[in-house]
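Enquirer: Can you read through this structure? Questions will come right after.
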Amino acid sequence: MKIDTISVPRTNLRFSVSASAMKKIGDEAVRMMIDRTKKGIDIDGMPFAPYSPQYVKYKGEAGRVTDPVNLQFNGEMHRSMVVVATNNNANISYGDRQRALIALYHQTGNGQPQRKHFGLTSEQARRIMDMLTAEIRKAVKSDK
């Protein structure tokens, strides 16, 4: 996922949103994704497809939560999400290749039911846009 600012066309107005502000916005997007996923809700606001009966048994025997489907066994996939921010840009990805593959399999349904977790709901995207808009307003005011 990439969060980018854009320049305003046909004006001489130039501004920059700081890397620290973009990191804060990226971190909030990650928090939103993790919190929603832990509640068992996908990016379309729908419950995740259920786990297979075999996985429910395996996960239950390990003392893990099986309902709601939260894509979490020990939290490694969620903890491996990283935000790399520069001025005007925040890039969210998985820092661990193995966890990235597991996340991709869930996201695409490769060999299992599709569970779209990496991304934002419409409401979450609006909240991120509000944060970004506030930072742009600050940047425009400070560049005057």
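Identifiers for the structure tokens are assigned positionally: chains receive A, B, ... in sequence, residues are indexed from 1 per chain, and ligands are indexed from 1 in the order shown.
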Using only C-alpha atoms, which protein or nucleic acid residues come within 7 Å of region 102-114 of chain A? Drop anything in the same chain fewer than 4 positions from it, and give the result as a PDB file with N, CA and C atoms, in the first residue's frame.
Expert:
```
ATOM      1  N   ALA A  49     -13.906 -15.172   5.629  1.00  0.00           N
ATOM      2  CA  ALA A  49     -14.341 -16.548   5.412  1.00  0.00           C
ATOM      3  C   ALA A  49     -13.881 -17.387   6.596  1.00  0.00           C
ATOM      4  N   GLN A  98       8.563 -14.353   4.712  1.00  0.00           N
ATOM      5  CA  GLN A  98       7.639 -15.460   5.008  1.00  0.00           C
ATOM      6  C   GLN A  98       6.264 -14.925   5.413  1.00  0.00           C
ATOM      7  N   PHE A 118      -5.318  -6.654   3.778  1.00  0.00           N
ATOM      8  CA  PHE A 118      -4.313  -5.610   3.560  1.00  0.00           C
ATOM      9  C   PHE A 118      -4.924  -4.507   2.711  1.00  0.00           C
TER      10      PHE A 118
END
```
Enquirer: Each residue of region 93-133 of chain A with at least one atom at most 10 Å from region 26-36 of chain A should appear once, together with its nearest atom pair and the corresponding distance in Å (one decimal); atoms considered: only C-alpha atoms; ordering: chain, then increasing residue number; output as JSON lines.
Expert:
```
{"residue": "A:Ser93", "atom": "CA", "partner": "A:Val30", "partner_atom": "CA", "distance": 9.4}
{"residue": "A:His117", "atom": "CA", "partner": "A:Met33", "partner_atom": "CA", "distance": 6.9}
{"residue": "A:Phe118", "atom": "CA", "partner": "A:Met33", "partner_atom": "CA", "distance": 6.7}
{"residue": "A:Gly119", "atom": "CA", "partner": "A:Met33", "partner_atom": "CA", "distance": 6.7}
{"residue": "A:Leu120", "atom": "CA", "partner": "A:Met33", "partner_atom": "CA", "distance": 6.5}
{"residue": "A:Thr121", "atom": "CA", "partner": "A:Met33", "partner_atom": "CA", "distance": 8.7}
{"residue": "A:Gln124", "atom": "CA", "partner": "A:Met32", "partner_atom": "CA", "distance": 7.1}
{"residue": "A:Ala125", "atom": "CA", "partner": "A:Ala29", "partner_atom": "CA", "distance": 8.3}
{"residue": "A:Arg127", "atom": "CA", "partner": "A:Ala29", "partner_atom": "CA", "distance": 9.0}
{"residue": "A:Ile128", "atom": "CA", "partner": "A:Ala29", "partner_atom": "CA", "distance": 6.8}
{"residue": "A:Met131", "atom": "CA", "partner": "A:Glu28", "partner_atom": "CA", "distance": 9.4}
```
Enquirer: Using DSSP secondary structure from the backbone, list all strand (DSSP E) positions within region 67-139 of chain A, as a VMD selection string.
Expert: chain A and resid 81 to 86 89 to 94
Enquirer: Considering only C-alpha atoms, state which residue in the set A:Arg115, A:Arg97, A:Lys38, A:Lys57 is at the smallest distance from Gln72 (chain A).
Expert: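 Among A:Arg115, A:Arg97, A:Lys38, A:Lys57, it is A:Lys38 that comes nearest to Gln72 (chain A).
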Enquirer: What does the structure give for the distance between CA of Gly40 (chain A) and CA of Asn91 (chain A), in Å to one decimal?
Expert: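 If I compute the distance from CA of Gly40 (chain A) to CA of Asn91 (chain A), I get 24.1 Å.
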Enquirer: Would you mind writing down, as number ranges by chain, each residue of chain A that DSSP on the backbone assigns to alpha helix (DSSP H)?
Expert: A: 19-38, 53-61, 76-79, 97-108, 122-142
Enquirer: Keeping only C-alpha atoms, write the selected residues as a PDB file, in the first residue's frame.
Expert:
```pdb
ATOM      1  CA  ALA A  19       8.515  12.366   6.583  1.00  0.00           C
ATOM      2  CA  SER A  20       7.573  12.351  10.276  1.00  0.00           C
ATOM      3  CA  ALA A  21       3.976  13.321   9.457  1.00  0.00           C
ATOM      4  CA  MET A  22       3.809  10.692   6.719  1.00  0.00           C
ATOM      5  CA  LYS A  23       5.194   8.082   9.158  1.00  0.00           C
ATOM      6  CA  LYS A  24       2.487   8.999  11.661  1.00  0.00           C
ATOM      7  CA  ILE A  25      -0.186   8.623   8.966  1.00  0.00           C
ATOM      8  CA  GLY A  26       1.292   5.314   7.777  1.00  0.00           C
ATOM      9  CA  ASP A  27       1.473   4.001  11.343  1.00  0.00           C
ATOM     10  CA  GLU A  28      -2.187   4.905  11.825  1.00  0.00           C
ATOM     11  CA  ALA A  29      -3.126   3.041   8.629  1.00  0.00           C
ATOM     12  CA  VAL A  30      -1.263  -0.040   9.919  1.00  0.00           C
ATOM     13  CA  ARG A  31      -3.007   0.226  13.298  1.00  0.00           C
ATOM     14  CA  MET A  32      -6.380   0.451  11.557  1.00  0.00           C
ATOM     15  CA  MET A  33      -5.660  -2.609   9.406  1.00  0.00           C
ATOM     16  CA  ILE A  34      -4.511  -4.680  12.371  1.00  0.00           C
ATOM     17  CA  ASP A  35      -7.398  -3.633  14.633  1.00  0.00           C
ATOM     18  CA  ARG A  36      -9.973  -4.408  11.919  1.00  0.00           C
ATOM     19  CA  THR A  37      -8.334  -7.734  11.067  1.00  0.00           C
ATOM     20  CA  LYS A  38      -8.315  -8.783  14.726  1.00  0.00           C
ATOM     21  CA  PRO A  53     -12.513 -27.368  10.538  1.00  0.00           C
ATOM     22  CA  GLN A  54      -8.992 -28.835  10.656  1.00  0.00           C
ATOM     23  CA  TYR A  55      -7.434 -25.429  11.310  1.00  0.00           C
ATOM     24  CA  VAL A  56     -10.062 -24.578  13.948  1.00  0.00           C
ATOM     25  CA  LYS A  57      -9.106 -27.792  15.746  1.00  0.00           C
ATOM     26  CA  TYR A  58      -5.349 -27.120  15.415  1.00  0.00           C
ATOM     27  CA  LYS A  59      -5.639 -23.490  16.510  1.00  0.00           C
ATOM     28  CA  GLY A  60      -8.024 -24.349  19.351  1.00  0.00           C
ATOM     29  CA  GLU A  61      -5.709 -27.076  20.677  1.00  0.00           C
ATOM     30  CA  GLU A  76       4.083 -12.360  13.643  1.00  0.00           C
ATOM     31  CA  MET A  77       2.311 -11.407  10.419  1.00  0.00           C
ATOM     32  CA  HIS A  78       0.846  -8.264  11.972  1.00  0.00           C
ATOM     33  CA  ARG A  79       4.078  -7.322  13.747  1.00  0.00           C
ATOM     34  CA  ARG A  97       9.356 -12.420   3.456  1.00  0.00           C
ATOM     35  CA  GLN A  98       7.639 -15.460   5.008  1.00  0.00           C
ATOM     36  CA  ARG A  99       4.975 -13.307   6.679  1.00  0.00           C
ATOM     37  CA  ALA A 100       4.528 -11.382   3.418  1.00  0.00           C
ATOM     38  CA  LEU A 101       3.806 -14.657   1.599  1.00  0.00           C
ATOM     39  CA  ILE A 102       1.267 -15.723   4.221  1.00  0.00           C
ATOM     40  CA  ALA A 103      -0.392 -12.295   3.972  1.00  0.00           C
ATOM     41  CA  LEU A 104      -0.444 -12.591   0.171  1.00  0.00           C
ATOM     42  CA  TYR A 105      -2.051 -16.046   0.312  1.00  0.00           C
ATOM     43  CA  HIS A 106      -4.804 -14.688   2.559  1.00  0.00           C
ATOM     44  CA  GLN A 107      -5.242 -11.575   0.417  1.00  0.00           C
ATOM     45  CA  THR A 108      -5.497 -13.454  -2.898  1.00  0.00           C
ATOM     46  CA  SER A 122     -13.872   3.222   2.827  1.00  0.00           C
ATOM     47  CA  GLU A 123     -14.280   4.722   6.292  1.00  0.00           C
ATOM     48  CA  GLN A 124     -10.654   4.037   7.201  1.00  0.00           C
ATOM     49  CA  ALA A 125      -9.497   5.596   3.923  1.00  0.00           C
ATOM     50  CA  ARG A 126     -11.554   8.711   4.700  1.00  0.00           C
ATOM     51  CA  ARG A 127      -9.897   8.971   8.123  1.00  0.00           C
ATOM     52  CA  ILE A 128      -6.431   8.667   6.556  1.00  0.00           C
ATOM     53  CA  MET A 129      -7.367  11.296   3.956  1.00  0.00           C
ATOM     54  CA  ASP A 130      -8.534  13.598   6.771  1.00  0.00           C
ATOM     55  CA  MET A 131      -5.157  13.184   8.475  1.00  0.00           C
ATOM     56  CA  LEU A 132      -3.339  13.845   5.213  1.00  0.00           C
ATOM     57  CA  THR A 133      -5.499  16.885   4.447  1.00  0.00           C
ATOM     58  CA  ALA A 134      -4.723  18.330   7.880  1.00  0.00           C
ATOM     59  CA  GLU A 135      -0.982  17.859   7.265  1.00  0.00           C
ATOM     60  CA  ILE A 136      -1.236  19.468   3.821  1.00  0.00           C
ATOM     61  CA  ARG A 137      -3.031  22.465   5.338  1.00  0.00           C
ATOM     62  CA  LYS A 138      -0.246  22.808   7.918  1.00  0.00           C
ATOM     63  CA  ALA A 139       2.397  22.549   5.190  1.00  0.00           C
ATOM     64  CA  VAL A 140       0.710  25.163   3.006  1.00  0.00           C
ATOM     65  CA  LYS A 141       0.390  27.568   5.950  1.00  0.00           C
ATOM     66  CA  SER A 142       4.020  27.084   6.978  1.00  0.00           C
TER      67      SER A 142
END
```
Enquirer: Neighbours of Val69 (chain A) within 7 Å (only C-alpha atoms; same-chain residues fewer than 5 positions away dropped), as a list in words?
Expert: Gly40, Phe48, Pro50 and Tyr51 of chain A
Enquirer: Near Tyr94 (chain A), within 6 Å and counting only C-alpha atoms, which residues show up once chain neighbours fewer than 2 positions away are dropped, as a ChimeraX atom specification?
Expert: /A:80-82,96,100
